[in-house]
Each structure stands twice: as C-alpha cells, then as structure tokens.
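For reference, my_file15.pdb is printed below; it contains PDB, C-alpha atoms.
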```pdb
ATOM      1  CA  MET P 928       3.870   5.876 -11.096
ATOM      2  CA  LEU P 929       3.222   2.162 -10.414
ATOM      3  CA  SER P 930       1.190   1.683 -13.603
ATOM      4  CA  ALA P 931       2.796  -1.703 -14.336
ATOM      5  CA  ALA P 932       2.359  -2.796 -10.729
ATOM      6  CA  ALA P 933      -1.314  -1.866 -10.714
ATOM      7  CA  GLU P 934      -1.996  -4.119 -13.698
ATOM      8  CA  ALA P 935      -0.559  -7.094 -11.816
ATOM      9  CA  TRP P 936      -1.526  -6.275  -8.223
ATOM     10  CA  PRO P 937      -5.092  -5.326  -7.169
ATOM     11  CA  MET P 938      -3.617  -4.141  -3.851
ATOM     12  CA  ILE P 939      -2.294  -0.999  -5.565
ATOM     13  CA  ASN P 940      -5.711   0.187  -6.707
ATOM     14  CA  ARG P 941      -7.342  -0.778  -3.418
ATOM     15  CA  THR P 942      -4.848   1.245  -1.412
ATOM     16  CA  PHE P 943      -5.177   4.275  -3.697
ATOM     17  CA  ALA P 944      -8.974   3.990  -3.453
ATOM     18  CA  GLU P 945      -8.735   4.189   0.349
ATOM     19  CA  ALA P 946      -6.656   7.350   0.105
ATOM     20  CA  SER P 947      -8.960   8.865  -2.517
ATOM     21  CA  ASN P 948     -11.951   8.430  -0.223
ATOM     22  CA  VAL P 949     -10.153  10.504   2.408
ATOM     23  CA  LEU P 950      -8.838  13.146   0.045
ATOM     24  CA  GLY P 951     -12.057  13.671  -1.920
ATOM     25  CA  TYR P 952     -10.455  13.248  -5.351
ATOM     26  CA  ASP P 953      -9.151  10.363  -7.450
ATOM     27  CA  LEU P 954      -5.512  10.182  -6.405
ATOM     28  CA  TRP P 955      -4.721   7.321  -8.782
ATOM     29  CA  GLN P 956      -5.991   9.166 -11.849
ATOM     30  CA  LEU P 957      -4.075  12.259 -10.823
ATOM     31  CA  CYS P 958      -0.860  10.226 -10.492
ATOM     32  CA  GLN P 959      -1.387   8.620 -13.898
ATOM     33  CA  LYS P 960      -2.739  11.506 -15.946
ATOM     34  CA  GLY P 961      -1.879  14.705 -14.089
ATOM     35  CA  PRO P 962      -1.916  17.602 -14.651
ATOM     36  CA  ALA P 963       1.694  17.718 -13.463
ATOM     37  CA  GLU P 964       1.360  21.155 -11.888
ATOM     38  CA  GLU P 965      -1.385  19.829  -9.611
ATOM     39  CA  LEU P 966       0.492  16.639  -8.749
ATOM     40  CA  ASN P 967       3.614  18.661  -7.918
ATOM     41  CA  ARG P 968       1.819  20.674  -5.236
ATOM     42  CA  THR P 969       3.299  19.396  -1.981
ATOM     43  CA  MET P 970      -0.124  18.797  -0.380
ATOM     44  CA  VAL P 971      -0.840  16.387  -3.258
ATOM     45  CA  THR P 972       2.637  14.924  -3.693
ATOM     46  CA  GLN P 973       2.886  13.886  -0.055
ATOM     47  CA  PRO P 974      -0.297  11.747   0.038
ATOM     48  CA  ALA P 975       0.667  10.237  -3.330
ATOM     49  CA  LEU P 976       4.089   9.108  -2.119
ATOM     50  CA  LEU P 977       2.701   7.827   1.178
ATOM     51  CA  THR P 978       0.016   5.813  -0.597
ATOM     52  CA  ALA P 979       2.434   4.335  -3.121
ATOM     53  CA  SER P 980       4.836   3.140  -0.444
ATOM     54  CA  VAL P 981       2.095   1.696   1.771
ATOM     55  CA  ALA P 982       0.590  -0.107  -1.229
ATOM     56  CA  LEU P 983       3.958  -1.721  -1.970
ATOM     57  CA  TRP P 984       4.443  -2.613   1.699
ATOM     58  CA  ARG P 985       1.090  -4.387   1.655
ATOM     59  CA  GLN P 986       1.938  -6.179  -1.576
ATOM     60  CA  TRP P 987       5.170  -7.434  -0.018
ATOM     61  CA  PHE P 988       3.124  -9.440   2.478
ATOM     62  CA  VAL P 989       0.519 -10.535  -0.078
ATOM     63  CA  ALA P 990       3.414 -12.045  -2.039
ATOM     64  CA  GLY P 991       4.729 -13.876   1.019
ATOM     65  CA  GLY P 992       7.404 -11.451   2.149
ATOM     66  CA  ARG P 993       8.569 -11.836   5.709
ATOM     67  CA  LYS P 994       8.291  -9.326   8.544
ATOM     68  CA  PRO P 995      11.393  -7.118   8.781
ATOM     69  CA  ASP P 996      13.369  -6.534  11.962
ATOM     70  CA  PHE P 997      13.411  -2.741  11.542
ATOM     71  CA  LEU P 998      11.698   0.001   9.556
ATOM     72  CA  ALA P 999      12.978   3.378   8.396
ATOM     73  CA  GLY P1000      11.668   6.107   6.133
ATOM     74  CA  HIS P1001      13.410   9.129   4.643
ATOM     75  CA  SER P1002      11.598  12.399   5.477
ATOM     76  CA  LEU P1003       7.970  11.866   4.388
ATOM     77  CA  GLY P1004       8.750   8.146   4.269
ATOM     78  CA  GLU P1005       8.828   8.081   8.053
ATOM     79  CA  TYR P1006       5.015   8.319   7.954
ATOM     80  CA  SER P1007       4.968   5.193   5.796
ATOM     81  CA  ALA P1008       7.302   3.467   8.246
ATOM     82  CA  LEU P1009       4.986   4.336  11.132
ATOM     83  CA  VAL P1010       2.020   2.920   9.213
ATOM     84  CA  ALA P1011       3.989  -0.258   8.539
ATOM     85  CA  SER P1012       4.913  -0.486  12.217
ATOM     86  CA  GLU P1013       1.192  -0.278  13.132
ATOM     87  CA  SER P1014       1.905   2.814  15.210
ATOM     88  CA  LEU P1015      -0.153   5.044  12.871
ATOM     89  CA  ASP P1016      -3.332   4.150  10.989
ATOM     90  CA  PHE P1017      -3.062   4.566   7.208
ATOM     91  CA  ILE P1018      -6.181   6.743   6.933
ATOM     92  CA  GLU P1019      -4.910   9.007   9.701
ATOM     93  CA  ALA P1020      -1.552   9.177   7.951
ATOM     94  CA  VAL P1021      -3.184  10.292   4.680
ATOM     95  CA  ARG P1022      -4.962  13.103   6.513
ATOM     96  CA  LEU P1023      -1.797  14.103   8.337
ATOM     97  CA  VAL P1024       0.464  14.259   5.296
ATOM     98  CA  ARG P1025      -2.089  16.290   3.355
ATOM     99  CA  LEU P1026      -2.209  18.751   6.266
ATOM    100  CA  ARG P1027       1.583  18.611   6.569
ATOM    101  CA  GLY P1028       1.892  19.620   2.924
ATOM    102  CA  GLU P1029      -0.571  22.470   3.312
ATOM    103  CA  LEU P1030       1.152  23.787   6.429
ATOM    104  CA  MET P1031       4.600  23.551   4.865
ATOM    105  CA  GLN P1032       3.435  25.435   1.770
ATOM    106  CA  ASP P1033       1.783  28.131   3.876
ATOM    107  CA  ALA P1034       4.786  28.515   6.201
ATOM    108  CA  VAL P1035       6.996  30.085   3.533
ATOM    109  CA  PRO P1036       5.523  32.147   0.670
ATOM    110  CA  ALA P1037       6.407  30.958  -2.819
ATOM    111  CA  GLY P1038       9.848  32.131  -3.889
ATOM    112  CA  GLU P1039      11.069  32.996  -0.395
ATOM    113  CA  GLY P1040      12.517  29.585   0.439
ATOM    114  CA  LYS P1041      14.917  27.300  -1.377
ATOM    115  CA  MET P1042      16.712  23.958  -1.126
ATOM    116  CA  ALA P1043      19.971  22.892  -2.759
ATOM    117  CA  ALA P1044      21.993  19.707  -3.118
ATOM    118  CA  ILE P1045      25.671  19.824  -2.206
ATOM    119  CA  LEU P1046      27.799  17.020  -3.639
ATOM    120  CA  GLY P1047      31.404  16.131  -2.946
ATOM    121  CA  LEU P1048      31.850  18.071   0.295
ATOM    122  CA  GLY P1049      32.141  16.790   3.861
ATOM    123  CA  ASP P1050      29.279  17.266   6.302
ATOM    124  CA  ASP P1051      31.282  19.601   8.554
ATOM    125  CA  ASP P1052      32.246  21.802   5.623
ATOM    126  CA  VAL P1053      28.606  22.080   4.508
ATOM    127  CA  VAL P1054      27.523  22.998   8.029
ATOM    128  CA  ALA P1055      30.277  25.610   8.266
ATOM    129  CA  ALA P1056      29.329  27.073   4.881
ATOM    130  CA  CYS P1057      25.737  27.458   6.022
ATOM    131  CA  GLU P1058      26.789  29.124   9.257
ATOM    132  CA  SER P1059      28.937  31.662   7.420
ATOM    133  CA  ALA P1060      26.257  32.312   4.784
ATOM    134  CA  ALA P1061      23.327  32.822   7.156
ATOM    135  CA  GLN P1062      23.999  36.505   7.960
ATOM    136  CA  GLY P1063      20.925  36.682  10.162
ATOM    137  CA  GLU P1064      18.748  34.563   7.856
ATOM    138  CA  VAL P1065      17.953  30.858   7.934
ATOM    139  CA  VAL P1066      20.054  28.313   6.052
ATOM    140  CA  SER P1067      21.145  24.924   7.353
ATOM    141  CA  ALA P1068      22.073  21.384   6.364
ATOM    142  CA  VAL P1069      18.797  19.450   6.454
ATOM    143  CA  ASN P1070      19.333  16.084   4.726
ATOM    144  CA  PHE P1071      22.476  14.100   5.474
ATOM    145  CA  ASN P1072      21.750  11.610   2.711
ATOM    146  CA  ALA P1073      25.125   9.901   2.271
ATOM    147  CA  PRO P1074      28.806  10.758   2.602
ATOM    148  CA  GLY P1075      29.408  13.647   0.224
ATOM    149  CA  GLN P1076      25.695  14.235  -0.407
ATOM    150  CA  VAL P1077      23.962  16.832   1.754
ATOM    151  CA  VAL P1078      20.889  18.969   1.112
ATOM    152  CA  ILE P1079      20.610  22.491   2.527
ATOM    153  CA  ALA P1080      17.478  24.607   2.986
ATOM    154  CA  GLY P1081      16.379  28.016   4.180
ATOM    155  CA  SER P1082      15.693  31.535   2.990
ATOM    156  CA  ALA P1083      16.320  31.876  -0.743
ATOM    157  CA  ALA P1084      19.063  34.496  -0.506
ATOM    158  CA  ALA P1085      20.858  32.666   2.304
ATOM    159  CA  VAL P1086      20.783  29.399   0.366
ATOM    160  CA  GLU P1087      22.306  31.145  -2.643
ATOM    161  CA  ARG P1088      25.112  32.475  -0.434
ATOM    162  CA  ALA P1089      25.630  28.992   1.012
ATOM    163  CA  ILE P1090      25.813  27.514  -2.490
ATOM    164  CA  GLU P1091      28.640  29.890  -3.341
ATOM    165  CA  ALA P1092      30.371  29.165  -0.018
ATOM    166  CA  CYS P1093      30.203  25.429  -0.706
ATOM    167  CA  ARG P1094      31.650  25.923  -4.177
ATOM    168  CA  GLU P1095      34.512  27.920  -2.687
ATOM    169  CA  LYS P1096      35.174  25.065  -0.262
ATOM    170  CA  GLY P1097      35.498  22.661  -3.178
ATOM    171  CA  ALA P1098      32.073  21.106  -3.639
ATOM    172  CA  ARG P1099      31.866  19.061  -6.839
ATOM    173  CA  LYS P1100      28.306  20.296  -7.390
ATOM    174  CA  ALA P1101      26.091  22.789  -5.579
ATOM    175  CA  MET P1102      22.740  23.164  -7.272
ATOM    176  CA  PRO P1103      19.254  24.428  -6.380
ATOM    177  CA  LEU P1104      16.479  21.819  -6.225
ATOM    178  CA  PRO P1105      13.089  22.218  -7.946
ATOM    179  CA  VAL P1106      10.979  22.071  -4.774
ATOM    180  CA  SER P1107       8.319  24.433  -3.500
ATOM    181  CA  VAL P1108       9.176  24.491   0.225
ATOM    182  CA  PRO P1109      12.423  24.541   2.296
ATOM    183  CA  SER P1110      11.879  21.348   4.305
ATOM    184  CA  HIS P1111      13.444  20.382   7.652
ATOM    185  CA  CYS P1112      14.787  23.816   8.549
ATOM    186  CA  ALA P1113      13.835  26.419  11.160
ATOM    187  CA  LEU P1114      11.423  28.068   8.700
ATOM    188  CA  MET P1115       9.106  25.096   9.342
ATOM    189  CA  LYS P1116       8.751  25.859  13.068
ATOM    190  CA  GLY P1117       5.421  27.621  12.529
ATOM    191  CA  ALA P1118       4.122  24.675  10.529
ATOM    192  CA  SER P1119       5.177  22.311  13.309
ATOM    193  CA  GLU P1120       3.158  24.261  15.855
ATOM    194  CA  GLU P1121       0.031  23.850  13.747
ATOM    195  CA  LEU P1122       0.789  20.192  13.041
ATOM    196  CA  ALA P1123       1.155  19.611  16.785
ATOM    197  CA  LYS P1124      -2.483  20.596  17.252
ATOM    198  CA  ALA P1125      -3.569  17.978  14.724
ATOM    199  CA  LEU P1126      -1.326  15.325  16.254
ATOM    200  CA  ASP P1127      -3.024  15.845  19.604
ATOM    201  CA  ASP P1128      -6.127  14.225  18.117
ATOM    202  CA  VAL P1129      -4.319  11.307  16.478
ATOM    203  CA  ARG P1130      -3.836   7.997  18.244
ATOM    204  CA  PHE P1131      -0.335   6.554  18.123
ATOM    205  CA  ASN P1132       0.311   2.973  19.208
ATOM    206  CA  ASP P1133       3.564   1.403  20.299
ATOM    207  CA  ALA P1134       5.328   0.101  17.193
ATOM    208  CA  VAL P1135       5.257  -3.660  16.598
ATOM    209  CA  ILE P1136       8.457  -3.233  14.545
ATOM    210  CA  PRO P1137      11.114  -0.724  15.723
ATOM    211  CA  VAL P1138      11.338   2.419  13.588
ATOM    212  CA  ILE P1139      14.689   4.147  13.005
ATOM    213  CA  GLN P1140      13.627   7.786  13.250
ATOM    214  CA  ASN P1141      15.041  10.660  11.227
ATOM    215  CA  VAL P1142      15.845  13.057  14.051
ATOM    216  CA  ASN P1143      18.033  10.737  16.139
ATOM    217  CA  ALA P1144      18.801   7.703  13.922
ATOM    218  CA  ALA P1145      17.699   5.502  16.820
ATOM    219  CA  ALA P1146      15.299   2.556  16.921
ATOM    220  CA  GLU P1147      12.120   3.583  18.722
ATOM    221  CA  THR P1148       8.937   1.710  19.635
ATOM    222  CA  GLU P1149       7.249   3.788  22.352
ATOM    223  CA  SER P1150       4.248   5.710  21.021
ATOM    224  CA  ALA P1151       4.913   9.031  22.752
ATOM    225  CA  THR P1152       8.517   9.072  21.535
ATOM    226  CA  LEU P1153       7.522   8.189  17.975
ATOM    227  CA  LYS P1154       4.969  10.988  17.952
ATOM    228  CA  ALA P1155       7.294  13.610  19.455
ATOM    229  CA  ASN P1156      10.112  12.767  17.043
ATOM    230  CA  LEU P1157       7.745  12.871  14.078
ATOM    231  CA  LEU P1158       6.810  16.435  15.012
ATOM    232  CA  ARG P1159      10.450  17.471  15.500
ATOM    233  CA  GLN P1160      11.237  16.002  12.086
ATOM    234  CA  LEU P1161       9.417  18.840  10.343
ATOM    235  CA  TYR P1162      12.068  21.388  11.345
ATOM    236  CA  SER P1163      15.058  19.099  12.070
ATOM    237  CA  PRO P1164      17.660  17.467   9.804
ATOM    238  CA  VAL P1165      17.092  14.001   8.355
ATOM    239  CA  LEU P1166      19.989  11.871   9.624
ATOM    240  CA  TRP P1167      19.769   9.280   6.868
ATOM    241  CA  THR P1168      23.450   8.339   6.774
ATOM    242  CA  ASP P1169      23.353   7.588  10.491
ATOM    243  CA  SER P1170      20.024   5.770  10.106
ATOM    244  CA  VAL P1171      21.479   3.345   7.570
ATOM    245  CA  ARG P1172      24.505   2.827   9.801
ATOM    246  CA  THR P1173      22.157   2.063  12.693
ATOM    247  CA  LEU P1174      20.512  -0.650  10.597
ATOM    248  CA  VAL P1175      23.868  -2.176   9.682
ATOM    249  CA  GLY P1176      25.049  -1.890  13.274
ATOM    250  CA  ASN P1177      22.046  -3.949  14.323
ATOM    251  CA  GLY P1178      22.997  -6.753  11.960
ATOM    252  CA  VAL P1179      20.769  -5.886   8.998
ATOM    253  CA  GLU P1180      22.247  -7.249   5.765
ATOM    254  CA  VAL P1181      19.279  -7.116   3.346
ATOM    255  CA  ALA P1182      16.647  -4.378   3.019
ATOM    256  CA  VAL P1183      13.663  -3.642   0.790
ATOM    257  CA  GLU P1184      12.796  -0.178  -0.524
ATOM    258  CA  CYS P1185       9.012   0.202  -0.823
ATOM    259  CA  GLY P1186       8.568   3.109  -3.201
ATOM    260  CA  THR P1187       8.929   4.262  -6.765
ATOM    261  CA  GLY P1188      12.488   4.485  -8.024
ATOM    262  CA  LYS P1189      15.743   3.381  -6.409
ATOM    263  CA  VAL P1190      16.903   6.505  -4.607
ATOM    264  CA  LEU P1191      17.353   4.910  -1.180
ATOM    265  CA  ALA P1192      19.075   1.871  -2.645
ATOM    266  CA  GLY P1193      21.562   4.206  -4.323
ATOM    267  CA  LEU P1194      22.213   6.106  -1.105
ATOM    268  CA  ALA P1195      22.733   2.860   0.809
ATOM    269  CA  LYS P1196      25.527   1.862  -1.587
ATOM    270  CA  ARG P1197      27.305   5.114  -0.795
ATOM    271  CA  ILE P1198      26.847   4.676   2.954
ATOM    272  CA  ASP P1199      27.670   0.985   3.470
ATOM    273  CA  ARG P1200      28.122  -1.518   0.666
ATOM    274  CA  THR P1201      27.525  -4.446   3.028
ATOM    275  CA  LEU P1202      23.806  -3.559   3.027
ATOM    276  CA  ALA P1203      21.979  -4.963  -0.002
ATOM    277  CA  VAL P1204      18.843  -2.943  -0.802
ATOM    278  CA  HIS P1205      16.209  -4.262  -3.215
ATOM    279  CA  SER P1206      13.731  -1.733  -4.589
ATOM    280  CA  ILE P1207      10.276  -3.120  -5.362
ATOM    281  CA  GLU P1208       7.925  -1.399  -7.779
ATOM    282  CA  ASP P1209       6.897  -4.119 -10.241
ATOM    283  CA  PRO P1210       6.534  -7.937 -10.316
ATOM    284  CA  ASP P1211      10.124  -8.576 -11.481
ATOM    285  CA  SER P1212      11.747  -6.474  -8.766
ATOM    286  CA  LEU P1213       9.467  -7.979  -6.129
ATOM    287  CA  ALA P1214      10.443 -11.499  -7.180
ATOM    288  CA  LYS P1215      14.148 -10.606  -6.868
ATOM    289  CA  ALA P1216      13.617  -9.101  -3.413
ATOM    290  CA  LEU P1217      11.708 -12.156  -2.193
ATOM    291  CA  ASP P1218      14.491 -14.398  -3.441
ATOM    292  CA  ALA P1219      17.146 -12.304  -1.697
ATOM    293  CA  PHE P1220      15.295 -12.526   1.614
ATOM    294  CA  SER P1221      14.775 -16.257   1.284
ATOM    295  CA  GLN P1222      18.551 -16.669   1.079
ATOM    296  CA  SER P1223      19.422 -14.297   3.915
TER
END
```
Have the structure of the file written as structure tokens, please.
Amino acid sequence: MLSAAAEAWPMINRTFAEASNVLGYDLWQLCQKGPAEELNRTMVTQPALLTASVALWRQWFVAGGRKPDFLAGHSLGEYSALVASESLDFIEAVRLVRLRGELMQDAVPAGEGKMAAILGLGDDDVVAACESAAQGEVVSAVNFNAPGQVVIAGSAAAVERAIEACREKGARKAMPLPVSVPSHCALMKGASEELAKALDDVRFNDAVIPVIQNVNAAAETESATLKANLLRQLYSPVLWTDSVRTLVGNGVEVAVECGTGKVLAGLAKRIDRTLAVHSIEDPDSLAKALDAFSQS
C-alpha cells in the first residue's frame, strides 16, 4: 500500500511515522511486509487506512491542490474527512480508530457476525428481505453504496437467511464478505456506548470545510453535531448514495479520492456520471487530478 508514493513523497513516511508513535509499532513496515493476518485485524486495519488517506490529503496540498468545497468519507473514511476539515486532530483520530476497531471486534465474538454484499436488487427489496429474515435476530442493510449495491450485516444465521431471501427476490449476486465484524448494525450498540466515553475526552472543533456525514447525508460544520453523528455512525447505515447526490446537488462536478484503490470513484460512476472522481495514490494519478481541478 502506497509503496510507489512513498518513494516519491516524503509526506507519506512522515505521516505514517506520526501514527506509529501513537500506536507503539511500525505501521508502515506492517503495511508493507505484514504479516497479513496481523494487518487484517480491524484494530490495525483501521489506523492503516486512516493514515494512508490523511497522508494523501496532505500530499494534495504539498503538490498545490486547492481547498475543496466539501468533504465526505465512507464509513471509517469519515474520520479522515473530519481530520481534513480540522474538526478532529490526526493524532486523536489514530487513537480513536484503534479503539473503535478494538471495541467493534469485542462487541461480537468471532464467527457470530457476518456481512454480505447484495448486487442487482433495489434498496427497498434488500430492506424487506432483511426484515423477513431477521426472525428475532439482527440483520439490516448497512451500506447503501450505489444503486443496486447494498451491504447487509448482522448475526451470522440471520445474514445467511437474508442472502437467500435476496436471491429469491432476484439479486444478481448475494455473497458473504471476508470481514471480521458486522459493521453499522445494531450489534455495534455496545461498542458505541464504550466509544462515547472516549469521545467525551476528545476535542472537536467546528469544521472549516463542511463534511457530508454518513448517517444523514447532510453537510455539517458544527462540532457537537459532527461528534454526535460520528458516534451514531457505528451502529447506523452508511448513506453513501445519498451523500454523493448531496455533493452533486451542491454543484460539485470534480472530486478527489484520497485513498488506496478506486472504490469510491467506481461507486460515483454508478450513482451520478456527472461527477468526475480522480483517485490519487501515486505521482501520475495526482498529476491528472491536479490538472482536472485546474480546468474546473
């Protein structure tokens, strides 16, 4: 992850060094050399993704990128967006996402929770399938990623029933995801209560750039609202489709994805093709994004 970028941009190593000092281990070496089973633990994965996205955000400005009108982050990415908005300090964010990962892992014992991707089925049909499959257990639609792409989460058996219900309704694909915790569902309520205690000690500032938040797909700047919505996010659905539509509705035509891969750029194409998203993770992609913004 970001190996080519690190060779060209000292900012990558500097940002990872900051996070490593907080975490007490070399996060960069772990990302580059593994072992994979350690890196895939959610309390490690979350700080790694946060640090990568913040490093790229910083590099955007080092390279002369201009200040955006809005910020948004998908799930964990909302922490990165809050750092970029200057609402949340990066070091505090590293501590929080490590704790968030630990609490999420502890909330549901291994093997008892599950997530699944449902493709080619309308949002209402996915929600209805989950309701019929619950049978007293937890299963719900938790990531509305794009039209025809929804993720569900909950108790393992209930998710399996929901998968079958979605297939019966005509889903093109309904497949379990290789994740260790069922994020954004009611099973995370206990984790949110513990995270709330930690958030009490964290200073949030008003955002200097509005953040489109996951739980309401609305642009927020007030510190108390940002903080409350971030806590709710742990057990509430990610309204990403609506978030992208909020950006477009506010006149956004060009966006930059600060992170490894092009997942959000791909989702944006499915949601609204008028929004051009440029993913930056190496010098070539950064140059293309800078050029696109200079012409917008």
Return the single residue from P:Asp1209, P:Phe988, P:Ser1170, P:Arg1027 that is closest to Ser930 of chain P, with distances computed using all atoms listed in the file.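 Checking each of P:Asp1209, P:Phe988, P:Ser1170, P:Arg1027 against Ser930 of chain P, counting all atoms listed in the file, the winner is P:Asp1209.
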Between P:Ser1082, P:Gln986, P:Gln1032, P:Ser947, which is the closest to Leu1217 of chain P once you count only C-alpha atoms? P:Gln986
Counting all atoms listed in the file, the residue of P:His1001, P:Arg1172, P:Arg1099, P:Arg1025 that sits nearest Leu1046 of chain P: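 Of the candidates, the smallest distance to Leu1046 of chain P is held by P:Arg1099.
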On this structure, the PyMOL selection byres ((chain P and resi 936) around 12) would catch which residues? List them as a list in words, sorted by chain and number.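 Against this file, the PyMOL selection byres ((chain P and resi 936) around 12) returns the residues Leu929, Ser930, Ala931, Ala932, Ala933, Glu934, Ala935, Pro937, Met938, Ile939, Asn940, Arg941, Thr942, Ala982, Leu983, Arg985, Gln986, Trp987, Val989, Ala990, Glu1208, Asp1209, Pro1210 and Leu1213 of chain P.
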Calculate how many Å separate atom CA of Ala1061 of chain P from atom CA of Ala1098 of chain P, rounding to one decimal.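 These two atoms are separated by 18.2 Å.
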What residues come out when you apply the PyMOL selection byres ((chain P and resi 1158) around 12) to this file, written as a PyMOL selection string? chain P and resi 1002-1003+1005-1006+1023-1024+1027+1111+1115-1127+1140-1142+1151-1157+1159-1163
For Leu977 of chain P, which residue among P:Ser1007, P:Thr1187, P:Ser1221, P:Asn1070 is the nearest when counting all atoms listed in the file?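 Going through P:Ser1007, P:Thr1187, P:Ser1221, P:Asn1070 one by one, the smallest distance to Leu977 of chain P is for P:Ser1007.
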Taking all atoms listed in the file into account, name the residue in P:Ala944, P:Ala1214, P:Ala1044, P:Ile1207 that is nearest to Ala975 of chain P.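 Using all atoms listed in the file, the shortest distance to Ala975 of chain P belongs to P:Ala944.
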On this structure, which residues satisfy the PyMOL selection byres ((chain P and resi 1219) around 12), written as an NGL selection string? :P and (992-993 or 1180-1183 or 1202-1206 or 1212-1218 or 1220-1223)
Give me, please, the distance in Å between atom CA of Ala979 of chain P and atom CA of Ser1107 of chain P, quoted to one decimal. 20.9 Å
I'd like a table as a Markdown table: residues in segment 1099-1201 of chain P with an atom no more than 12 Å from segment 951-968 of chain P, each row giving the shortest atom pair and its distance in Å to one decimal, only C-alpha atoms counted, sorted by chain and rising residue number.
```
| residue | atom | partner | partner_atom | distance |
| --- | --- | --- | --- | --- |
| P:Pro1105 | CA | P:Asn967 | CA | 10.1 |
| P:Val1106 | CA | P:Asn967 | CA | 8.7 |
| P:Ser1107 | CA | P:Arg968 | CA | 7.7 |
| P:Val1108 | CA | P:Arg968 | CA | 9.9 |
```
Return segment 1212-1219 of chain P, completed with all heavy atoms, as a PDB file, keeping the file's coordinate frame.
```
ATOM      1  N   SER P1212      10.926  -6.922  -9.893  1.00  0.00           N
ATOM      2  CA  SER P1212      11.747  -6.474  -8.766  1.00  0.00           C
ATOM      3  C   SER P1212      11.277  -7.098  -7.457  1.00  0.00           C
ATOM      4  O   SER P1212      12.085  -7.388  -6.575  1.00  0.00           O
ATOM      5  CB  SER P1212      11.749  -4.948  -8.672  1.00  0.00           C
ATOM      6  OG  SER P1212      10.434  -4.438  -8.538  1.00  0.00           O
ATOM      7  N   LEU P1213       9.986  -7.318  -7.328  1.00  0.00           N
ATOM      8  CA  LEU P1213       9.467  -7.979  -6.129  1.00  0.00           C
ATOM      9  C   LEU P1213       9.975  -9.414  -6.044  1.00  0.00           C
ATOM     10  O   LEU P1213      10.383  -9.887  -4.968  1.00  0.00           O
ATOM     11  CB  LEU P1213       7.945  -7.959  -6.123  1.00  0.00           C
ATOM     12  CG  LEU P1213       7.257  -8.704  -4.966  1.00  0.00           C
ATOM     13  CD1 LEU P1213       7.682  -8.115  -3.619  1.00  0.00           C
ATOM     14  CD2 LEU P1213       5.749  -8.650  -5.116  1.00  0.00           C
ATOM     15  N   ALA P1214       9.974 -10.113  -7.155  1.00  0.00           N
ATOM     16  CA  ALA P1214      10.443 -11.499  -7.180  1.00  0.00           C
ATOM     17  C   ALA P1214      11.919 -11.570  -6.753  1.00  0.00           C
ATOM     18  O   ALA P1214      12.313 -12.470  -5.992  1.00  0.00           O
ATOM     19  CB  ALA P1214      10.262 -12.106  -8.571  1.00  0.00           C
ATOM     20  N   LYS P1215      12.734 -10.623  -7.219  1.00  0.00           N
ATOM     21  CA  LYS P1215      14.148 -10.606  -6.868  1.00  0.00           C
ATOM     22  C   LYS P1215      14.332 -10.321  -5.373  1.00  0.00           C
ATOM     23  O   LYS P1215      15.194 -10.922  -4.716  1.00  0.00           O
ATOM     24  CB  LYS P1215      14.874  -9.553  -7.703  1.00  0.00           C
ATOM     25  CG  LYS P1215      14.992  -9.902  -9.179  1.00  0.00           C
ATOM     26  CD  LYS P1215      15.674  -8.791  -9.974  1.00  0.00           C
ATOM     27  CE  LYS P1215      15.733  -9.147 -11.448  1.00  0.00           C
ATOM     28  NZ  LYS P1215      16.335  -8.045 -12.252  1.00  0.00           N
ATOM     29  N   ALA P1216      13.516  -9.420  -4.837  1.00  0.00           N
ATOM     30  CA  ALA P1216      13.617  -9.101  -3.413  1.00  0.00           C
ATOM     31  C   ALA P1216      13.205 -10.290  -2.555  1.00  0.00           C
ATOM     32  O   ALA P1216      13.852 -10.601  -1.540  1.00  0.00           O
ATOM     33  CB  ALA P1216      12.749  -7.894  -3.089  1.00  0.00           C
ATOM     34  N   LEU P1217      12.151 -10.969  -2.932  1.00  0.00           N
ATOM     35  CA  LEU P1217      11.708 -12.156  -2.193  1.00  0.00           C
ATOM     36  C   LEU P1217      12.778 -13.233  -2.200  1.00  0.00           C
ATOM     37  O   LEU P1217      13.041 -13.878  -1.176  1.00  0.00           O
ATOM     38  CB  LEU P1217      10.406 -12.693  -2.805  1.00  0.00           C
ATOM     39  CG  LEU P1217       9.154 -11.847  -2.577  1.00  0.00           C
ATOM     40  CD1 LEU P1217       8.019 -12.346  -3.475  1.00  0.00           C
ATOM     41  CD2 LEU P1217       8.728 -11.893  -1.112  1.00  0.00           C
ATOM     42  N   ASP P1218      13.427 -13.410  -3.333  1.00  0.00           N
ATOM     43  CA  ASP P1218      14.491 -14.398  -3.441  1.00  0.00           C
ATOM     44  C   ASP P1218      15.682 -14.034  -2.556  1.00  0.00           C
ATOM     45  O   ASP P1218      16.267 -14.899  -1.891  1.00  0.00           O
ATOM     46  CB  ASP P1218      14.931 -14.519  -4.897  1.00  0.00           C
ATOM     47  CG  ASP P1218      15.995 -15.583  -5.091  1.00  0.00           C
ATOM     48  OD1 ASP P1218      15.717 -16.769  -4.811  1.00  0.00           O
ATOM     49  OD2 ASP P1218      17.118 -15.236  -5.513  1.00  0.00           O
ATOM     50  N   ALA P1219      16.021 -12.742  -2.518  1.00  0.00           N
ATOM     51  CA  ALA P1219      17.146 -12.304  -1.697  1.00  0.00           C
ATOM     52  C   ALA P1219      16.875 -12.557  -0.218  1.00  0.00           C
ATOM     53  O   ALA P1219      17.762 -12.977   0.539  1.00  0.00           O
ATOM     54  CB  ALA P1219      17.423 -10.814  -1.940  1.00  0.00           C
TER      55      ALA P1219
END
```
